[in-house]
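To start, the structure under review is shown below, and the notes come after it.
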Amino acid sequence: MNFEDLNKEALPQHIAIIMDGNGRWAQQRGKLRVRGHEAGAEAVRKTVEAAANLGIKHLTLYAFSTENWSRPKTEISTLMALLVRSLRRELERMASNNIKLSAIGSLDKLPKNVQQELHEVVQKTAANTGTHLTLALSYGAREEIKQAVVQISKKVKNNIIPVESIDETIINEHLYTQNLPDVDLLIRTSGEVRISNFLLWQIAYAELYFTDELWPEFNEQSLHQAILSYQKRERRFGKTSEQLT
Ligand code: FPP
């Protein structure tokens, strides 16, 4: 399939990806899991570039979940080091591709050097107007929703907002993703068919796309396939087909 097969007028505005299968990719090749994560970082680079070339407005990647903290210490430190290295290396490319970087999650739980590096890249790319890349790091959707409930409750308690004013917009405004539109297309690699605590609120009407490809194998072609599948579907948002035409 080619780039030309995609309808440029009907691109998903927001694509989110659960990048899974780095470990299995390495295992299949008799390599250490860390090699899988390195190859995964390369797939991140290719995918971000492909999304930017297509003009995708928002791309959100699940890079580290709250549950991932229970992995072996050495794997966690390798992943963190890889993240710092990738951010440092990719800064220039992000600038030249007009990419704006953000991060969501319990960022205060990340090692200080990762927080600093992230902060720097976020600052340096803040004025970019191309693809908005969001990394979900130390991210869990239930935690995100919980902290939104706490913030809103405090505002009600302190008479900043009346309880009657709480609606979907107010809830959205208290999520980490307050500046992002809902997810249109959610992709998960590696053949696993689950959501794993990712963007539970934001995927309410997303189209779900699962592929057997392992994350390090994912590339421009894979992204195009996923978007093509999305474009063949009819998004009804609860309406009937007749109401849409
Ligand atoms: C899932 O594979 C992947 C992760 C937990 C980490 C994702 C990290 C990267 C893609 C690399 C660095 C990221 C950036 C943003 C530069 P897995 O280890 O769960 O694979 P498995 O299920 O086969 O064991």
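Just remember, in the structure tokens the first chain shown is A, the second B, etc., residues are 1-based per chain, and ligands are 1-based in the order shown.
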Enumerate as a ChimeraX atom specification the residues within 6 Å of ligand 1, counting only C-alpha atoms and all ligand atoms.
/A:19-24,37,40-41,63-64,83,86
I need the residues of region 1-217 of chain A that end up classed as helix (DSSP H, G or I) by DSSP on the backbone, written out as a ChimeraX atom specification.
/A:3-5,8-10,22-28,33-54,66-70,73-96,107-109,112-125,141-157,163-165,168-173,215-217
As a check of understanding: the span from CA of Arg142 (chain A) to CA of Leu200 (chain A) is 7.7 Å
Go through region 72-111 of chain A residue by residue and, counting only C-alpha atoms, keep those with an atom at most 10 Å from region 126-132 of chain A; for each kept residue give the shortest atom pair and its distance in Å to one decimal, ordered by chain and increasing number, as CSV.
```
residue,atom,partner,partner_atom,distance
A:Met94,CA,A:Asn128,CA,8.9
A:Ala95,CA,A:Asn128,CA,7.5
A:Ser96,CA,A:Asn128,CA,9.6
A:Asn97,CA,A:Gly130,CA,7.3
A:Asn98,CA,A:Gly130,CA,4.9
A:Ile99,CA,A:Thr131,CA,5.0
A:Lys100,CA,A:His132,CA,4.8
A:Leu101,CA,A:His132,CA,6.0
A:Ser102,CA,A:His132,CA,7.5
```
Work out how far CA of Leu82 (chain A) is from CA of His119 (chain A), in Å to one decimal.
16.2 Å
Residues at most 12 Å from Pro72 (chain A), counting only C-alpha atoms, excluding those fewer than 5 positions away in the same chain, as number ranges by chain?
A: 33-34, 67, 77-79
Leaving out region 215-226 of chain A and any residue of its chain fewer than 3 positions from it, which residues lie within 10 Å of it when counting only C-alpha atoms, given as an NGL selection string?
:A and (1-6 or 15 or 17-26 or 35-51 or 53-54 or 185-190 or 208-212 or 229-231)
Hey, what does DSSP flag as strand (DSSP E) within region 117-206 of chain A? Can you give it to me as an MDAnalysis selection string?
chainID A and resid 132:139 185:188
Give me the region 44-127 of chain A side of the contact with region 161-175 of chain A, cut-off 12 Å, one line per residue showing its nearest atom pair and distance in Å at one decimal, counting only C-alpha atoms, sorted by chain and residue number, as a Markdown table.
```
| residue | atom | partner | partner_atom | distance |
| --- | --- | --- | --- | --- |
| A:Ile104 | CA | A:Leu175 | CA | 9.4 |
| A:Gly105 | CA | A:Leu175 | CA | 9.9 |
| A:Ser106 | CA | A:Leu175 | CA | 11.8 |
```
Would you mind exporting the chosen residues as a PDB file, in the first residue's frame, restricted to C-alpha atoms?
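This went into selection31.pdb:
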```pdb
ATOM      1  CA  ILE A 104       1.920  13.080  30.744  1.00  0.00           C
ATOM      2  CA  GLY A 105       1.875  10.886  33.826  1.00  0.00           C
ATOM      3  CA  SER A 106       3.186  10.960  37.393  1.00  0.00           C
TER       4      SER A 106
END
```
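The interatomic distance for the pair CA of Met80 (chain A) and CA of Pro181 (chain A) works out to 28.0 Å.
Of the listed residues (A:His14, A:Val114, A:Ala136, A:Glu144), A:His14 comes nearest to Tyr205 (chain A); the distances count only C-alpha atoms.
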